[in-house]
file upload11.pdb (PDB, C-alpha atoms, pLDDT in the B column)
MODEL        1
ATOM      1  CA  MET A  56     -29.376  -5.526  20.359  1.00 66.00           C
ATOM      2  CA  ARG A  57     -27.801  -4.499  17.076  1.00 67.00           C
ATOM      3  CA  VAL A  58     -26.788  -0.869  16.737  1.00 69.00           C
ATOM      4  CA  SER A  59     -26.835   0.580  13.253  1.00 65.00           C
ATOM      5  CA  HIS A  60     -24.203   3.150  12.289  1.00 67.00           C
ATOM      6  CA  ALA A  61     -23.868   5.360   9.276  1.00 73.00           C
ATOM      7  CA  PRO A  62     -21.244   4.040   6.847  1.00 70.00           C
ATOM      8  CA  VAL A  63     -17.750   5.469   7.093  1.00 75.00           C
ATOM      9  CA  HIS A  64     -16.369   6.847   3.834  1.00 81.00           C
ATOM     10  CA  ASN A  65     -12.857   7.745   2.737  1.00 89.00           C
ATOM     11  CA  ALA A  66     -11.171   5.279   5.091  1.00 93.00           C
ATOM     12  CA  VAL A  67      -7.557   4.355   4.398  1.00 95.00           C
ATOM     13  CA  VAL A  68      -5.895   1.626   6.428  1.00 95.00           C
ATOM     14  CA  LEU A  69      -2.099   1.704   6.763  1.00 95.00           C
ATOM     15  CA  THR A  70      -0.641  -1.616   7.847  1.00 92.00           C
ATOM     16  CA  GLY A  71       2.830  -2.991   8.419  1.00 87.00           C
ATOM     17  CA  ASP A  72       4.866  -5.572  10.270  1.00 83.00           C
ATOM     18  CA  ILE A  73       4.141  -8.400   7.847  1.00 87.00           C
ATOM     19  CA  HIS A  74       7.387  -7.837   5.895  1.00 89.00           C
ATOM     20  CA  SER A  75       5.722  -7.571   2.495  1.00 91.00           C
ATOM     21  CA  SER A  76       3.928  -5.036   0.278  1.00 93.00           C
ATOM     22  CA  TRP A  77       0.191  -5.051  -0.483  1.00 94.00           C
ATOM     23  CA  ALA A  78      -2.540  -2.762  -1.785  1.00 96.00           C
ATOM     24  CA  SER A  79      -6.164  -3.862  -1.627  1.00 95.00           C
ATOM     25  CA  ASP A  80      -9.770  -2.809  -1.794  1.00 94.00           C
ATOM     26  CA  LEU A  81     -11.687  -3.722   1.369  1.00 92.00           C
ATOM     27  CA  SER A  82     -15.316  -4.719   1.364  1.00 87.00           C
ATOM     28  CA  GLN A  83     -17.876  -6.323   3.619  1.00 82.00           C
ATOM     29  CA  ASP A  84     -17.482  -9.633   1.767  1.00 82.00           C
ATOM     30  CA  THR A  85     -14.306  -9.901  -0.323  1.00 79.00           C
ATOM     31  CA  ASP A  86     -15.306 -13.311  -1.723  1.00 83.00           C
ATOM     32  CA  ASN A  87     -18.541 -11.911  -3.140  1.00 86.00           C
ATOM     33  CA  PRO A  88     -18.288 -10.038  -6.477  1.00 86.00           C
ATOM     34  CA  VAL A  89     -21.959  -8.928  -6.327  1.00 88.00           C
ATOM     35  CA  VAL A  90     -22.008  -5.295  -5.172  1.00 88.00           C
ATOM     36  CA  ALA A  91     -25.761  -5.299  -4.407  1.00 88.00           C
ATOM     37  CA  SER A  92     -25.266  -7.957  -1.725  1.00 86.00           C
ATOM     38  CA  GLY A  93     -22.267  -6.367   0.033  1.00 81.00           C
ATOM     39  CA  GLY A  94     -19.542  -7.604  -2.282  1.00 85.00           C
ATOM     40  CA  CYS A  95     -16.925  -5.827  -4.349  1.00 88.00           C
ATOM     41  CA  ASP A  96     -16.383  -5.968  -8.093  1.00 89.00           C
ATOM     42  CA  PRO A  97     -12.738  -7.106  -8.373  1.00 87.00           C
ATOM     43  CA  VAL A  98     -12.231  -5.317 -11.694  1.00 87.00           C
ATOM     44  CA  THR A  99     -13.751  -1.891 -10.988  1.00 88.00           C
ATOM     45  CA  GLY A 100     -13.485  -1.838  -7.184  1.00 89.00           C
ATOM     46  CA  GLN A 101     -17.138  -0.814  -6.956  1.00 90.00           C
ATOM     47  CA  GLY A 102     -18.494  -1.883  -3.567  1.00 90.00           C
ATOM     48  CA  SER A 103     -15.188  -1.329  -1.796  1.00 91.00           C
ATOM     49  CA  ARG A 104     -15.687   0.311   1.601  1.00 90.00           C
ATOM     50  CA  ALA A 105     -12.059   1.324   2.177  1.00 93.00           C
ATOM     51  CA  VAL A 106      -8.539   0.704   0.914  1.00 96.00           C
ATOM     52  CA  GLU A 107      -5.502  -0.808   2.599  1.00 96.00           C
ATOM     53  CA  PHE A 108      -1.836  -0.060   1.991  1.00 97.00           C
ATOM     54  CA  VAL A 109       0.694  -2.445   3.561  1.00 96.00           C
ATOM     55  CA  GLY A 110       4.298  -1.297   3.907  1.00 93.00           C
ATOM     56  CA  THR A 111       7.197  -3.709   3.720  1.00 91.00           C
ATOM     57  CA  SER A 112      10.261  -3.823   5.951  1.00 90.00           C
ATOM     58  CA  VAL A 113      13.648  -2.324   5.246  1.00 87.00           C
ATOM     59  CA  SER A 114      15.759  -5.129   6.638  1.00 83.00           C
ATOM     60  CA  SER A 115      13.532  -7.795   8.219  1.00 82.00           C
ATOM     61  CA  PRO A 116      13.078 -10.791   5.947  1.00 75.00           C
ATOM     62  CA  GLY A 117       9.835 -11.698   4.257  1.00 75.00           C
ATOM     63  CA  ILE A 118       9.778 -14.605   1.856  1.00 77.00           C
ATOM     64  CA  ASP A 119      13.346 -15.130   0.653  1.00 70.00           C
ATOM     65  CA  SER A 120      12.307 -15.558  -2.966  1.00 68.00           C
ATOM     66  CA  ASP A 121       9.111 -15.614  -4.944  1.00 65.00           C
ATOM     67  CA  THR A 122      10.429 -16.992  -8.217  1.00 67.00           C
ATOM     68  CA  ASN A 123       8.591 -15.244 -11.038  1.00 63.00           C
ATOM     69  CA  GLY A 124       5.962 -14.044  -8.542  1.00 76.00           C
ATOM     70  CA  ALA A 125       4.369 -17.505  -8.275  1.00 82.00           C
ATOM     71  CA  ILE A 126       3.224 -17.174  -4.657  1.00 85.00           C
ATOM     72  CA  ALA A 127       2.040 -13.577  -5.134  1.00 84.00           C
ATOM     73  CA  GLY A 128       0.264 -14.626  -8.333  1.00 85.00           C
ATOM     74  CA  ALA A 129      -1.548 -17.443  -6.557  1.00 88.00           C
ATOM     75  CA  LEU A 130      -2.577 -15.102  -3.746  1.00 89.00           C
ATOM     76  CA  ARG A 131      -3.772 -12.491  -6.227  1.00 86.00           C
ATOM     77  CA  SER A 132      -5.714 -15.112  -8.165  1.00 86.00           C
ATOM     78  CA  ALA A 133      -7.518 -16.249  -5.012  1.00 88.00           C
ATOM     79  CA  ASN A 134      -7.982 -12.659  -3.782  1.00 87.00           C
ATOM     80  CA  PRO A 135      -8.773 -10.368  -6.729  1.00 87.00           C
ATOM     81  CA  HIS A 136      -9.380  -7.422  -4.384  1.00 89.00           C
ATOM     82  CA  PHE A 137      -5.584  -7.353  -3.878  1.00 92.00           C
ATOM     83  CA  LYS A 138      -4.309  -4.929  -6.493  1.00 93.00           C
ATOM     84  CA  TYR A 139      -0.611  -5.284  -5.613  1.00 94.00           C
ATOM     85  CA  ILE A 140       1.411  -7.926  -3.790  1.00 92.00           C
ATOM     86  CA  ASN A 141       5.173  -8.172  -3.386  1.00 90.00           C
ATOM     87  CA  LEU A 142       6.317 -10.715  -0.836  1.00 89.00           C
ATOM     88  CA  PHE A 143      10.096 -10.541  -1.007  1.00 86.00           C
ATOM     89  CA  ARG A 144      11.434  -7.072  -1.878  1.00 89.00           C
ATOM     90  CA  ARG A 145      12.563  -4.873   0.991  1.00 91.00           C
ATOM     91  CA  GLY A 146      12.283  -1.129   1.281  1.00 93.00           C
ATOM     92  CA  HIS A 147       9.647   1.345   2.382  1.00 93.00           C
ATOM     93  CA  MET A 148       6.269   2.772   1.560  1.00 95.00           C
ATOM     94  CA  LEU A 149       5.797   6.494   1.030  1.00 94.00           C
ATOM     95  CA  ALA A 150       2.299   7.881   1.622  1.00 94.00           C
ATOM     96  CA  ASN A 151       1.260  11.240   0.201  1.00 93.00           C
ATOM     97  CA  VAL A 152      -1.876  12.248   2.102  1.00 94.00           C
ATOM     98  CA  ALA A 153      -4.062  15.164   1.046  1.00 93.00           C
ATOM     99  CA  PRO A 154      -7.786  15.887   1.495  1.00 93.00           C
ATOM    100  CA  GLN A 155      -8.575  15.027  -2.133  1.00 95.00           C
ATOM    101  CA  ARG A 156      -6.515  11.791  -2.385  1.00 95.00           C
ATOM    102  CA  VAL A 157      -4.046   9.429  -0.767  1.00 96.00           C
ATOM    103  CA  VAL A 158      -1.200   8.017  -2.853  1.00 97.00           C
ATOM    104  CA  SER A 159       1.010   5.191  -1.669  1.00 97.00           C
ATOM    105  CA  GLU A 160       4.337   4.459  -3.353  1.00 97.00           C
ATOM    106  CA  TRP A 161       6.531   1.418  -2.800  1.00 97.00           C
ATOM    107  CA  TRP A 162      10.297   1.919  -2.967  1.00 95.00           C
ATOM    108  CA  TYR A 163      12.765  -0.954  -2.755  1.00 94.00           C
ATOM    109  CA  VAL A 164      16.436  -1.092  -1.797  1.00 92.00           C
ATOM    110  CA  ASP A 165      18.913  -3.077  -3.866  1.00 89.00           C
ATOM    111  CA  THR A 166      20.509  -4.863  -0.905  1.00 86.00           C
ATOM    112  CA  VAL A 167      20.324  -5.168   2.853  1.00 83.00           C
ATOM    113  CA  ALA A 168      23.616  -7.057   3.081  1.00 84.00           C
ATOM    114  CA  SER A 169      25.715  -3.865   2.928  1.00 85.00           C
ATOM    115  CA  VAL A 170      25.352  -0.094   3.050  1.00 85.00           C
ATOM    116  CA  SER A 171      23.766   1.165  -0.144  1.00 85.00           C
ATOM    117  CA  HIS A 172      21.947   4.310  -1.161  1.00 85.00           C
ATOM    118  CA  VAL A 173      20.271   2.707  -4.173  1.00 91.00           C
ATOM    119  CA  GLU A 174      16.491   2.537  -4.083  1.00 91.00           C
ATOM    120  CA  THR A 175      14.036   1.914  -6.900  1.00 94.00           C
ATOM    121  CA  PHE A 176      10.483   3.115  -7.361  1.00 96.00           C
ATOM    122  CA  ALA A 177       8.239   0.093  -7.921  1.00 96.00           C
ATOM    123  CA  VAL A 178       4.584   1.072  -8.107  1.00 97.00           C
ATOM    124  CA  ALA A 179       1.996   3.528  -6.802  1.00 98.00           C
ATOM    125  CA  PHE A 180      -1.712   3.272  -6.069  1.00 98.00           C
ATOM    126  CA  GLU A 181      -4.153   5.935  -4.952  1.00 97.00           C
ATOM    127  CA  THR A 182      -7.653   6.474  -3.716  1.00 97.00           C
ATOM    128  CA  THR A 183      -9.515   9.689  -4.352  1.00 96.00           C
ATOM    129  CA  PHE A 184     -12.025  11.463  -2.139  1.00 95.00           C
ATOM    130  CA  GLY A 185     -15.332   9.609  -2.177  1.00 91.00           C
ATOM    131  CA  SER A 186     -14.203   6.636  -4.278  1.00 93.00           C
ATOM    132  CA  ASN A 187     -13.279   4.143  -1.501  1.00 93.00           C
ATOM    133  CA  ARG A 188     -11.290   2.094  -4.024  1.00 94.00           C
ATOM    134  CA  LEU A 189      -7.817   1.830  -5.497  1.00 96.00           C
ATOM    135  CA  GLN A 190      -6.578   2.893  -8.862  1.00 95.00           C
ATOM    136  CA  ALA A 191      -3.104   2.762 -10.357  1.00 96.00           C
ATOM    137  CA  SER A 192      -1.153   5.966  -9.844  1.00 97.00           C
ATOM    138  CA  ALA A 193       2.239   7.460 -10.610  1.00 95.00           C
ATOM    139  CA  GLN A 194       5.175   8.586  -8.549  1.00 93.00           C
ATOM    140  CA  THR A 195       4.367  11.891  -6.885  1.00 89.00           C
ATOM    141  CA  PRO A 196       6.651  14.803  -7.763  1.00 87.00           C
ATOM    142  CA  PRO A 197       9.164  15.880  -5.118  1.00 83.00           C
ATOM    143  CA  ARG A 198       8.110  18.768  -2.883  1.00 80.00           C
ATOM    144  CA  ALA A 199       9.598  22.174  -3.647  1.00 87.00           C
ATOM    145  CA  ASN A 200      10.724  22.696  -0.030  1.00 85.00           C
ATOM    146  CA  PRO A 201      10.833  19.301   1.678  1.00 78.00           C
ATOM    147  CA  PRO A 202      11.464  19.073   5.416  1.00 77.00           C
ATOM    148  CA  THR A 203      14.964  18.218   6.584  1.00 78.00           C
ATOM    149  CA  LEU A 204      15.581  14.490   6.772  1.00 72.00           C
ATOM    150  CA  ALA A 205      16.328  13.170  10.252  1.00 70.00           C
ATOM    151  CA  ALA A 206      19.667  11.811   8.982  1.00 69.00           C
ATOM    152  CA  ASP A 207      20.663  15.365   7.985  1.00 73.00           C
ATOM    153  CA  LEU A 208      19.882  16.952  11.376  1.00 73.00           C
ATOM    154  CA  PRO A 209      22.735  17.783  13.759  1.00 79.00           C
ATOM    155  CA  GLN A 210      23.462  14.874  16.088  1.00 73.00           C
ATOM    156  CA  ASP A 211      23.594  15.365  19.860  1.00 72.00           C
ATOM    157  CA  ASP A 212      26.695  13.566  21.155  1.00 66.00           C
ATOM    158  CA  ASP A 213      25.818  12.867  24.790  1.00 59.00           C
TER     159      ASP A 213
ENDMDL
END
call {"tool": "encode", "arguments": {"input": "upload11.pdb", "output": "structure tokens"}}
result
Amino acid sequence: MRVSHAPVHNAVVLTGDIHSSWASDLSQDTDNPVVASGGCDPVTGQGSRAVEFVGTSVSSPGIDSDTNGAIAGALRSANPHFKYINLFRRGHMLANVAPQRVVSEWWYVDTVASVSHVETFAVAFETTFGSNRLQASAQTPPRANPPTLAADLPQDDD
């Protein structure tokens, strides 16, 4: 017996532990560009049911090198619903979640071989309420009164 459910809207999937960075539109049939039959238009994102943001790792290795983005380019070519792929840079993903939109930013560190405080903003994508698809975004402005970072809290020396 098949149970029918109302579609879920405004779903955002946050994924990690694959040591790379990705942003993609998700649809019922990602290989089908025909929206009317459950597919997703790879250019406009129409037909996307949700979006996925994949965060990279800070120090765990991914692919050691993707010279000129060849591997990422091949993956993107075969999977046009992927809007962003970076397989080798290390860093973190910053998600800004609000009722009207979710923005994901990817930040990369310059090295993991030594202590460094250098990080670089790479790219941002967002989804807005009701759209169920990605669009390019910009770095979100810093908060006026951000919470204290864990590294800045007093340490308890047991």
call {"tool": "residues_around", "arguments": {"input": "upload11.pdb", "residues": "A:Gly110", "least_positions_apart": "3", "cutoff": "10 Å", "atoms": "all atoms listed in the file", "output": "PyMOL selection string"}}
result
chain A and resi 69-78+107+113+145-150+159-162
call {"tool": "atom_distance", "arguments": {"input": "upload11.pdb", "atom1": "atom CA of A:Pro209", "atom2": "atom CA of A:Val167"}}
result
25.5 Å
call {"tool": "closest_residue", "arguments": {"input": "upload11.pdb", "among": "A:Ala153, A:Ala168, A:Val67, A:Ile126", "to": "A:Ser186", "atoms": "all atoms listed in the file"}}
result
A:Val67
call {"tool": "residues_around", "arguments": {"input": "upload11.pdb", "residues": "stretch 188-191 of chain A", "least_positions_apart": "4", "cutoff": "9 Å", "atoms": "only C-alpha atoms", "output": "PyMOL selection string"}}
result
chain A and resi 65+78-81+99-107+138+178-183
call {"tool": "atom_distance", "arguments": {"input": "upload11.pdb", "atom1": "atom CA of A:Gln83", "atom2": "atom CA of A:Asn151"}}
result
26.2 Å
call {"tool": "atom_distance", "arguments": {"input": "upload11.pdb", "atom1": "atom CA of A:His136", "atom2": "atom CA of A:Gly94"}}
result
10.4 Å
call {"tool": "residues_around", "arguments": {"input": "upload11.pdb", "residues": "A:Thr175", "least_positions_apart": "6", "cutoff": "8 Å", "atoms": "all atoms listed in the file", "output": "mmCIF file with C-alpha atoms, in the coordinates of the input"}}
result
data_model
loop_
_atom_site.group_PDB
_atom_site.id
_atom_site.type_symbol
_atom_site.label_atom_id
_atom_site.label_comp_id
_atom_site.auth_asym_id
_atom_site.auth_seq_id
_atom_site.Cartn_x
_atom_site.Cartn_y
_atom_site.Cartn_z
ATOM 1 C CA TRP A 162 10.297 1.919 -2.967
ATOM 2 C CA TYR A 163 12.765 -0.954 -2.755
ATOM 3 C CA VAL A 164 16.436 -1.092 -1.797
ATOM 4 C CA ASP A 165 18.913 -3.077 -3.866
#
call {"tool": "closest_residue", "arguments": {"input": "upload11.pdb", "among": "A:Ala61, A:Ala125, A:Ala66, A:Ile140", "to": "A:Val152", "atoms": "only C-alpha atoms"}}
result
A:Ala66
call {"tool": "axis_aligned_box", "arguments": {"input": "upload11.pdb", "around": "stretch 137-148 of chain A", "padding_each_side": "6 Å", "output": "lines of an AutoDock Vina configuration file"}}
result
center_x = 3.5
center_y = -4.0
center_z = -2.1
size_x = 30.1
size_y = 25.5
size_z = 20.9
call {"tool": "closest_residue", "arguments": {"input": "upload11.pdb", "among": "A:Asn187, A:Arg144, A:Thr166, A:Pro201", "to": "A:Thr111", "atoms": "only C-alpha atoms"}}
result
A:Arg144
call {"tool": "closest_residue", "arguments": {"input": "upload11.pdb", "among": "A:Pro116, A:Gly93, A:Gly185, A:Pro154", "to": "A:Val63", "atoms": "all atoms listed in the file"}}
result
A:Gly185
